[in-house]
Every structure is written in C-alpha cells, then in structure tokens.
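> This structure is in structure tokens; I'll ask about it shortly.
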Amino acid sequence: MPLNRRKFLKKSAVTGAGVALAGTAAAPAAQAAERKKPGKPAKRYSLTVMGTTDLHGHVFNWDYFKDAEYADAAGNAMGLARVSTLVNQIRQEKGRRNTLLLDAGDTIQGTPLTYYFAKVDPITAKGGPVHPMAQAMNAIGYDAAALGNHEFNYGIETLRKFEDQCRFPLLGANALDAKTLKPAFPPYFIKTFRVPGAPPVKVAVLGLTNPGIAIWDKAYVQGKLTFPGLEEQAAKWVPKLRSMGADVVVVSAHSGSSGTSSYGDQLPYVENSAALVAQKVPGIDAILVGHAHVEIPELKVTNTATGKTVVLSEPLCYAERLSVFDFNLVFEKGRWSVESVAASLRNAKTVADDPKITRLLKDEHALVVEYVNQVVGTATATLTTVEARYKDAPIIDLITKVQEDVVKAALVGTAYASLPVIAQASPFSRTSQIPAGNVTIRDLSGLYVYDNTLVAKLLTGAQVRAYLEYSAEYFVQTAADAAVDTEKLTNAGGRPDYNYDYVSGFSYDIDIAQAAGSRIKNLTYNGAALDDAQQFVLAVNNYRANGGGAFPHVASATEVWSESTEIRTRIAEWVTAKGVLDPKDFASVDWKLTRNGTPVF
C-alpha cells in the first residue's frame, strides 16, 4: 500500500519523530556468520543497499527524440527495465531480505513518456492513468526515493498524485510546509532486518532534496513550500534517527558532491552539498548522491567531528548505472556497528531488459511513440545544433522567434506593449536536428528537451550588456594567433551548454581574445549603438528567470507576464500554425566570435 501521508504527518506532529516503518525482513542464518573471539563469539551481518538516481523518465533503452534504440559513443544502455535485471541479480546473490533499493530523485520529468502522462493524458485527471514510473518502480520493488527538483516541474498536484501511486515513500526532510515549517513529505524511512540469534538491524534512510527548487520552480512552490539546506536538516534528523535505534544511517540526497551552486548567492544554501553533509554531520554511514549526472563509483569522505569514513556513490543518470553499497556489521558490546562499507557500480549495458517491465509498460510506450511521431509541418531545409555553441545557428533563432511572438501577443493592450521584445535561448543539445521535409513533435521536442515555461522580464540596455558579457564567459580565452579547436573553445570553467545564451534583437561580436568581462563588442540595436537606458522586455525561460545559471539582473528584474505552457509546446503550435518551417521567417546572423576584431569563422 502507498504510504499514508496524512497518518504520517499526524504521527509526526504528536511524537516529533514520525518514523515510516516498513515490514521487517528475516535474514537467512548464513548471513549471521560467527567470528570466534576470546570468551564470546561475535555475530556478523551483511547488508546491501542499491541505488539509482536521475532516472528522468527512462523506462526503456529508447530515444524518443530519435525514434530508435538509445546509443551513445560510450556504448551505454539505459532504462529501468535494465536496472530491474541488475536488481534481480543482486537480490539473488545476496538474498532479497538482505537488500534495500533506493532512488535519489528526478523521476517524473525528462522524456516524452513523462511529459505525455503529465500533460497529454495526465495522471491527475479523474480516472486517469497510473504514472509509468510509479508502475515500473513499484514492480521492481523500490523501498524509498528522495525527491528531486524536477519532481516539482509539473506542479504540486501532479507530484502528490505520483506520490499516491507509489508503493514506497517519497522522502524530503528539507521540504517543509512554508507556514508550519513541518515536513511536507516523510523525512525518513526505517526498515528492520531480522538476524537469527541476534537483535535485529535497523536501517534508517534520510531523504534530502535540493534547495534550488525554491528558485527553479518558484511559480509552484512560493508561499507553499520552503527548502532549507541539506547540512542543516541532516544535522537535525540524523541524531533523531540514531536515538530511535538506527544501527545504519544512509542518506539519499538529490544534491551533487562538488560543493558548488549554479545559482550563485541567491540562496544561503549549497546546491551540491552531499560531500559537505558527509564531512560535517556525524552519524552517517553512506550517501547515495544524485542531481549532478556524473558517475562516482565510490568517494570516501572523512567526517571532521568523528574521524569516521563516509562512503558516497553516484550512479550515472537515466538508469545507466546502479550503485551498490555493501555493508558489513558486527554485534559487539550489546550493539550493532558498521565495520566496513564499500561502494561499486553495476552497468546497465551488461544485461538485457527485464521482460516483466517490458510487458508491464509496452502499451504506454507505444502510445508515446505514436504521439511523438505526429507530423506538424514541413521544413524547407535541415536545421541542426551541431555548430550552435560557437556560430549563430538558425535553429536557435527559431526558439527566440517563437518566444518573441508569444510574448508580443501576450502584451497587447498592456502598458508594456510598446516596448521592444527580445528573447534568450540556449543550445541545449549538440545533436538536435530538424530534417528537411516532414517535421514531427519529436523533432521539435528534441530541440527543446526541458519542460521550461515562458516569462517576460523588464531589462535596461545596460543590464542586457551585462547579461551578454556574463554569457560570453562560456568561451575559453583564445589568443589571436592560437589554433582554434572547436572541442576546446567552449565550457570555460565547466559551464554547461545550457548556461550559454543567445539574445535576439541585437547585433554584437564576442571577442574571445579578451578577458572575460570585456568581450562584447559593437553591440547595436536597430543599427545604432545600444542605449543603456532603453527598456526591453526579455522573453526568457523560467529556469533563467528564477536565477538558474546566476545570470545578472534577470532574477531581480520586474516580471511583466508569465505562463505555464511549455516552450516546446509553443514551438510546436508555431510550426503547426505556419505549416512550413522556412529559415527566412526567423533566421538571421546577429552575433559572431572574433579575436581582436577578426572573425574566428
């Protein structure tokens, strides 16, 4: 049965603890091997905790944007159907009753599959479907999952419906009700493992989500939920879990390990703080890490207070890897203690899909494949993002044109209708392509892979200039006489492609021979030098509008309009209305890379 949230919160309010107890599990005698010691034998127990993260709606090894089996240069395979096979193998190796299966968040957003069941055939409709991710994770037998930031992308109603459909708790110790500051979701989960001839082993799982939700999904959570820092909340809950008898404490954290934040100083909490939690909060044995989409087989962090080692592991996103934590416990002096923890990864490409999951979700998969292959127009030329990071590409101009048109129409009859509308867009993918000929929903969805919505913000010319300078920091400083390698030209300081913006409506050069902060040259609007005092309406995605990427001025700028329709839907509507996708209707070369005034390309 799904965890009853109301019962949980009622108990929490009465006891101040509110433990979510799973059924106890009996371990076979072989797991309690005895070690001979002078005077008294010591009982031992081995426990295995498995973990996934950042599944982002990937059930099968399928690329809905390409309408083909998923393939990448590294030969990876993905999907919960593969993970199910890995989990079955480990349960057979270790004994199912000695295992725990967790997830670290970002489950219900990321593919046309998840979009379809949030928007096209929504799980929130009366008599609506059960979310495919709930179906798959229930069938595999997850014990608990932490909330990810993308769980909030479709609003709280969709998240609550998904929570009701899951037969395991969604944990978020730092997701609090904004009014009462009490947990809005279960903070933790405890499972008891029976050991023959010895007291049971209690394993507590603390779930932590990302503080950035307050920025990234402000429209849905402001005034309703608040998200304090992971370290602060772990320091509050771990001692409680220990006092409740937890022998092992595992944290499932939707937070990377780098100690960095993409939102600058807009929040007093670190975005990627999993290693800081391990370092600063005593009493944690292991952390399943999420959010960063990197692969960490095993990372050992020393807790500064106790000197003990905390083991971290992050499996690769999209169900391409499974983290495996192997715990060895010993019962001495009347209590269980963790003697050792080792983490490793299992690779989804080494196994086949579990036919149980294939059978379970084949109909939902077929529905979505049919949906994304609907033809909505025709293109007169092939459009691609292959060079969009370093050359003004028509395919990105399509995004800015759609955004400009939507905002202009929305502002008709308002006090802002006379102001010029400009737009930002980023090269999200290096492989997106809209082919000449028939254009389908999947072609357009592949261009705009995120579920971002549109916001209109008021900026001055001076603020636009600063915005462009910040964006230009994406390029590696390259001397005028140096060879240009396009593979090494971008992502300076580790900045991802989605945090590099085009801004439409202007003409400008980016001089990459100059130091960051002094690169925007020849910035003009309507053929004249930009007036720093002129006002513009910037059509911007909600991630950027709320501070994602820490671009200057935009988060604090006056908001004049916003909506909840996804930008990718607006692109599909625009193309459908036009019927023909012709670059002459939206494309222009507005910016170029230079070195000391000489074009790079």
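Starting from 1 in every chain, residues are counted up; chains themselves are A, B, ... following the order of the structure tokens, and ligands are numbered from 1 as listed.
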Per DSSP on the backbone, what are the strand (DSSP E or B) residues of segment 309-419 of chain A, as a PyMOL selection string?
chain A and resi 309-314+321-332+335-347+375-379+383-384
> Write out as a compact mmCIF listing (two decimals) with N, CA, C and O atoms, in the first residue's frame which residues come within 8 Å of Val203 of chain A when counting only C-alpha atoms, dropping same-chain ones fewer than 4 positions away.

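Below is the file that was written, result.txt:
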```
# COMPACT_ATOMS: atom_id res chain seq x y z
N ILE A 190 12.46 3.76 7.84
CA ILE A 190 13.25 2.79 8.60
C ILE A 190 12.81 1.38 8.24
O ILE A 190 11.62 1.10 8.16
N LYS A 191 13.79 0.52 8.00
CA LYS A 191 13.50 -0.89 7.74
C LYS A 191 14.29 -1.75 8.72
O LYS A 191 15.46 -1.47 8.98
N THR A 192 13.64 -2.76 9.25
CA THR A 192 14.26 -3.65 10.23
C THR A 192 14.59 -5.00 9.59
O THR A 192 13.73 -5.61 8.95
N PHE A 193 15.82 -5.44 9.76
CA PHE A 193 16.28 -6.71 9.21
C PHE A 193 16.51 -7.69 10.35
O PHE A 193 17.29 -7.40 11.27
N ALA A 246 18.52 3.45 15.17
CA ALA A 246 19.09 3.12 13.86
C ALA A 246 20.53 2.65 14.02
O ALA A 246 21.37 3.35 14.59
N ASP A 247 20.81 1.47 13.51
CA ASP A 247 22.18 0.93 13.53
C ASP A 247 22.97 1.41 12.31
O ASP A 247 24.20 1.51 12.37
N VAL A 248 22.25 1.65 11.23
CA VAL A 248 22.86 2.14 9.98
C VAL A 248 22.06 3.35 9.53
O VAL A 248 20.82 3.33 9.54
N VAL A 249 22.75 4.42 9.12
CA VAL A 249 22.07 5.59 8.57
C VAL A 249 22.60 5.84 7.16
O VAL A 249 23.80 6.07 6.96
N VAL A 250 21.69 5.76 6.20
CA VAL A 250 22.00 6.04 4.80
C VAL A 250 21.24 7.30 4.41
O VAL A 250 20.06 7.45 4.75
```
> Per DSSP on the backbone, what are the alpha helix (DSSP H) residues of segment 244-459 of chain A, as a PyMOL selection string?
chain A and resi 274-280+355-372+394-411+441-447
> Store the residues of this selection in a file with C-alpha atoms, as an mmCIF file, in the first residue's frame.

```cif
data_model
loop_
_atom_site.group_PDB
_atom_site.id
_atom_site.type_symbol
_atom_site.label_atom_id
_atom_site.label_comp_id
_atom_site.auth_asym_id
_atom_site.auth_seq_id
_atom_site.Cartn_x
_atom_site.Cartn_y
_atom_site.Cartn_z
ATOM 1 C CA ALA A 274 26.402 15.838 -0.433
ATOM 2 C CA ALA A 275 30.124 15.708 0.444
ATOM 3 C CA LEU A 276 29.682 18.606 2.890
ATOM 4 C CA VAL A 277 26.891 16.675 4.612
ATOM 5 C CA ALA A 278 29.244 13.693 4.968
ATOM 6 C CA GLN A 279 32.026 15.901 6.269
ATOM 7 C CA LYS A 280 30.019 17.973 8.732
ATOM 8 C CA PRO A 355 10.641 -8.942 -19.612
ATOM 9 C CA LYS A 356 8.343 -8.244 -16.659
ATOM 10 C CA ILE A 357 8.887 -4.488 -17.082
ATOM 11 C CA THR A 358 8.685 -4.732 -20.879
ATOM 12 C CA ARG A 359 5.291 -6.418 -20.663
ATOM 13 C CA LEU A 360 4.067 -4.034 -17.990
ATOM 14 C CA LEU A 361 4.669 -0.828 -19.951
ATOM 15 C CA LYS A 362 4.653 -1.801 -23.628
ATOM 16 C CA ASP A 363 1.252 -0.139 -24.215
ATOM 17 C CA GLU A 364 2.277 3.168 -22.606
ATOM 18 C CA HIS A 365 5.497 3.135 -24.613
ATOM 19 C CA ALA A 366 3.609 2.529 -27.871
ATOM 20 C CA LEU A 367 1.198 5.386 -27.126
ATOM 21 C CA VAL A 368 4.050 7.840 -26.661
ATOM 22 C CA VAL A 369 5.929 6.653 -29.764
ATOM 23 C CA GLU A 370 2.760 7.285 -31.795
ATOM 24 C CA TYR A 371 2.303 10.726 -30.190
ATOM 25 C CA VAL A 372 5.838 11.999 -30.850
ATOM 26 C CA PRO A 394 19.083 29.305 -37.424
ATOM 27 C CA ILE A 395 17.675 26.511 -35.236
ATOM 28 C CA ILE A 396 18.251 28.611 -32.085
ATOM 29 C CA ASP A 397 16.772 31.649 -33.859
ATOM 30 C CA LEU A 398 13.599 29.572 -34.222
ATOM 31 C CA ILE A 399 13.314 29.337 -30.440
ATOM 32 C CA THR A 400 13.854 33.065 -29.895
ATOM 33 C CA LYS A 401 11.383 33.944 -32.685
ATOM 34 C CA VAL A 402 8.661 31.780 -31.130
ATOM 35 C CA GLN A 403 9.299 33.285 -27.695
ATOM 36 C CA GLU A 404 9.211 36.841 -29.088
ATOM 37 C CA ASP A 405 5.914 36.196 -30.882
ATOM 38 C CA VAL A 406 4.247 34.636 -27.825
ATOM 39 C CA VAL A 407 5.274 37.491 -25.525
ATOM 40 C CA LYS A 408 4.363 40.228 -28.027
ATOM 41 C CA ALA A 409 0.880 38.745 -28.362
ATOM 42 C CA ALA A 410 0.510 38.449 -24.583
ATOM 43 C CA LEU A 411 1.477 42.102 -24.000
ATOM 44 C CA ILE A 441 6.624 16.549 -32.482
ATOM 45 C CA ARG A 442 9.713 14.519 -31.625
ATOM 46 C CA ASP A 443 11.883 16.677 -33.896
ATOM 47 C CA LEU A 444 10.748 19.788 -32.049
ATOM 48 C CA SER A 445 10.895 18.133 -28.623
ATOM 49 C CA GLY A 446 14.482 17.115 -29.323
ATOM 50 C CA LEU A 447 15.300 20.776 -29.934
#
```
> Could you pull the residues within 12 Å of Leu329 of chain A, counting only C-alpha atoms, minus those fewer than 5 positions along the same chain, as a PyMOL selection string?
chain A and resi 31-35+42-48+195+198+200-203+247-248+285+335-341
> Write out as a list in words which residues come within 7 Å of segment 501-518 of chain A when counting only C-alpha atoms, dropping same-chain ones fewer than 5 positions away.
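Counting only C-alpha atoms, the residues come to Thr400, Ile422, Ala423, Gln424, Ala425, Ser426, Glu469, Tyr470, Ser471, Ala472, Glu473, Phe475, Val476, Gln477, Thr478, Ala479, Ala480, Leu523, Thr524, Tyr525, Asp590, Trp591, Lys592, Leu593, Thr594, Arg595, Asn596 and Gly597 of chain A.
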> Restricting it to N, CA, C and O atoms, dump the selection as a JSON list (two decimals), in the first residue's frame.

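Ended up saving to selection-v9.json:
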```json
[["chain", "number", "residue", "atom", "x", "y", "z"],
["A", 400, "THR", "N", 14.02, 31.67, -30.30],
["A", 400, "THR", "CA", 13.85, 33.07, -29.89],
["A", 400, "THR", "C", 12.69, 33.72, -30.63],
["A", 400, "THR", "O", 11.96, 34.52, -30.05],
["A", 422, "ILE", "N", 12.77, 41.20, -26.79],
["A", 422, "ILE", "CA", 13.95, 40.41, -27.14],
["A", 422, "ILE", "C", 13.81, 39.04, -26.49],
["A", 422, "ILE", "O", 12.93, 38.84, -25.66],
["A", 423, "ALA", "N", 14.64, 38.09, -26.86],
["A", 423, "ALA", "CA", 14.49, 36.74, -26.30],
["A", 423, "ALA", "C", 15.84, 36.06, -26.14],
["A", 423, "ALA", "O", 16.77, 36.33, -26.90],
["A", 424, "GLN", "N", 15.92, 35.18, -25.14],
["A", 424, "GLN", "CA", 17.12, 34.36, -24.94],
["A", 424, "GLN", "C", 16.82, 32.92, -25.29],
["A", 424, "GLN", "O", 15.67, 32.46, -25.19],
["A", 425, "ALA", "N", 17.85, 32.19, -25.68],
["A", 425, "ALA", "CA", 17.74, 30.75, -25.88],
["A", 425, "ALA", "C", 19.14, 30.16, -25.82],
["A", 425, "ALA", "O", 20.13, 30.84, -26.08],
["A", 426, "SER", "N", 19.20, 28.90, -25.46],
["A", 426, "SER", "CA", 20.48, 28.20, -25.28],
["A", 426, "SER", "C", 20.57, 26.99, -26.19],
["A", 426, "SER", "O", 19.56, 26.37, -26.51],
["A", 469, "GLU", "N", 27.73, 39.88, -21.48],
["A", 469, "GLU", "CA", 29.11, 39.69, -21.01],
["A", 469, "GLU", "C", 29.21, 38.43, -20.16],
["A", 469, "GLU", "O", 30.15, 37.63, -20.30],
["A", 470, "TYR", "N", 28.24, 38.24, -19.29],
["A", 470, "TYR", "CA", 28.25, 37.05, -18.44],
["A", 470, "TYR", "C", 28.12, 35.79, -19.29],
["A", 470, "TYR", "O", 28.83, 34.80, -19.09],
["A", 471, "SER", "N", 27.23, 35.83, -20.28],
["A", 471, "SER", "CA", 27.04, 34.68, -21.16],
["A", 471, "SER", "C", 28.33, 34.35, -21.91],
["A", 471, "SER", "O", 28.70, 33.18, -22.07],
["A", 472, "ALA", "N", 29.06, 35.40, -22.33],
["A", 472, "ALA", "CA", 30.30, 35.22, -23.11],
["A", 472, "ALA", "C", 31.43, 34.60, -22.30],
["A", 472, "ALA", "O", 32.44, 34.16, -22.88],
["A", 473, "GLU", "N", 31.29, 34.52, -20.98],
["A", 473, "GLU", "CA", 32.29, 33.83, -20.16],
["A", 473, "GLU", "C", 32.36, 32.34, -20.47],
["A", 473, "GLU", "O", 33.29, 31.64, -20.07],
["A", 475, "PHE", "N", 33.07, 31.05, -23.22],
["A", 475, "PHE", "CA", 34.14, 30.75, -24.16],
["A", 475, "PHE", "C", 35.52, 30.81, -23.50],
["A", 475, "PHE", "O", 35.77, 31.67, -22.65],
["A", 476, "VAL", "N", 36.38, 29.90, -23.88],
["A", 476, "VAL", "CA", 37.75, 29.86, -23.38],
["A", 476, "VAL", "C", 38.54, 30.99, -24.06],
["A", 476, "VAL", "O", 38.46, 31.15, -25.28],
["A", 477, "GLN", "N", 39.26, 31.78, -23.26],
["A", 477, "GLN", "CA", 40.05, 32.86, -23.84],
["A", 477, "GLN", "C", 41.08, 32.26, -24.80],
["A", 477, "GLN", "O", 41.84, 31.35, -24.44],
["A", 478, "THR", "N", 41.09, 32.78, -26.03],
["A", 478, "THR", "CA", 41.91, 32.20, -27.10],
["A", 478, "THR", "C", 42.65, 33.32, -27.82],
["A", 478, "THR", "O", 42.04, 34.20, -28.43],
["A", 479, "ALA", "N", 43.97, 33.28, -27.76],
["A", 479, "ALA", "CA", 44.79, 34.33, -28.38],
["A", 479, "ALA", "C", 44.57, 34.38, -29.90],
["A", 479, "ALA", "O", 44.22, 33.36, -30.52],
["A", 480, "ALA", "N", 44.82, 35.56, -30.46],
["A", 480, "ALA", "CA", 44.55, 35.78, -31.89],
["A", 480, "ALA", "C", 45.35, 34.86, -32.79],
["A", 480, "ALA", "O", 44.91, 34.49, -33.88],
["A", 523, "LEU", "N", 28.08, 46.35, -29.95],
["A", 523, "LEU", "CA", 26.71, 46.00, -29.58],
["A", 523, "LEU", "C", 25.74, 47.08, -30.07],
["A", 523, "LEU", "O", 25.82, 48.23, -29.65],
["A", 524, "THR", "N", 24.86, 46.69, -30.98],
["A", 524, "THR", "CA", 23.91, 47.65, -31.56],
["A", 524, "THR", "C", 22.49, 47.12, -31.50],
["A", 524, "THR", "O", 22.26, 45.90, -31.43],
["A", 525, "TYR", "N", 21.56, 48.06, -31.53],
["A", 525, "TYR", "CA", 20.13, 47.72, -31.62],
["A", 525, "TYR", "C", 19.52, 48.60, -32.71],
["A", 525, "TYR", "O", 19.69, 49.82, -32.70],
["A", 590, "ASP", "N", 23.21, 37.39, -36.13],
["A", 590, "ASP", "CA", 23.25, 38.57, -35.27],
["A", 590, "ASP", "C", 24.54, 38.69, -34.46],
["A", 590, "ASP", "O", 24.87, 39.77, -33.99],
["A", 591, "TRP", "N", 25.23, 37.58, -34.26],
["A", 591, "TRP", "CA", 26.47, 37.62, -33.47],
["A", 591, "TRP", "C", 27.51, 36.71, -34.10],
["A", 591, "TRP", "O", 27.17, 35.78, -34.83],
["A", 592, "LYS", "N", 28.76, 36.99, -33.77],
["A", 592, "LYS", "CA", 29.85, 36.13, -34.24],
["A", 592, "LYS", "C", 31.01, 36.21, -33.27],
["A", 592, "LYS", "O", 31.15, 37.18, -32.51],
["A", 593, "LEU", "N", 31.83, 35.17, -33.27],
["A", 593, "LEU", "CA", 33.05, 35.17, -32.47],
["A", 593, "LEU", "C", 34.16, 35.88, -33.25],
["A", 593, "LEU", "O", 34.31, 35.67, -34.46],
["A", 594, "THR", "N", 34.92, 36.72, -32.54],
["A", 594, "THR", "CA", 36.06, 37.40, -33.16],
["A", 594, "THR", "C", 37.28, 37.28, -32.24],
["A", 594, "THR", "O", 37.15, 36.90, -31.07],
["A", 595, "ARG", "N", 38.45, 37.60, -32.80],
["A", 595, "ARG", "CA", 39.67, 37.76, -32.00],
["A", 595, "ARG", "C", 40.34, 39.05, -32.43],
["A", 595, "ARG", "O", 40.74, 39.18, -33.60],
["A", 596, "ASN", "N", 40.38, 39.99, -31.52],
["A", 596, "ASN", "CA", 40.90, 41.33, -31.83],
["A", 596, "ASN", "C", 40.23, 41.91, -33.07],
["A", 596, "ASN", "O", 40.86, 42.52, -33.92],
["A", 597, "GLY", "N", 38.93, 41.65, -33.17],
["A", 597, "GLY", "CA", 38.14, 42.22, -34.25],
["A", 597, "GLY", "C", 38.05, 41.37, -35.51],
["A", 597, "GLY", "O", 37.24, 41.65, -36.39]]
```
> Can you tell me how far atom CA of Thr309 of chain A sits from atom CA of Met244 of chain A, in Å to one decimal?
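Interatomic distance, atom CA of Thr309 of chain A to atom CA of Met244 of chain A: 22.2 Å.
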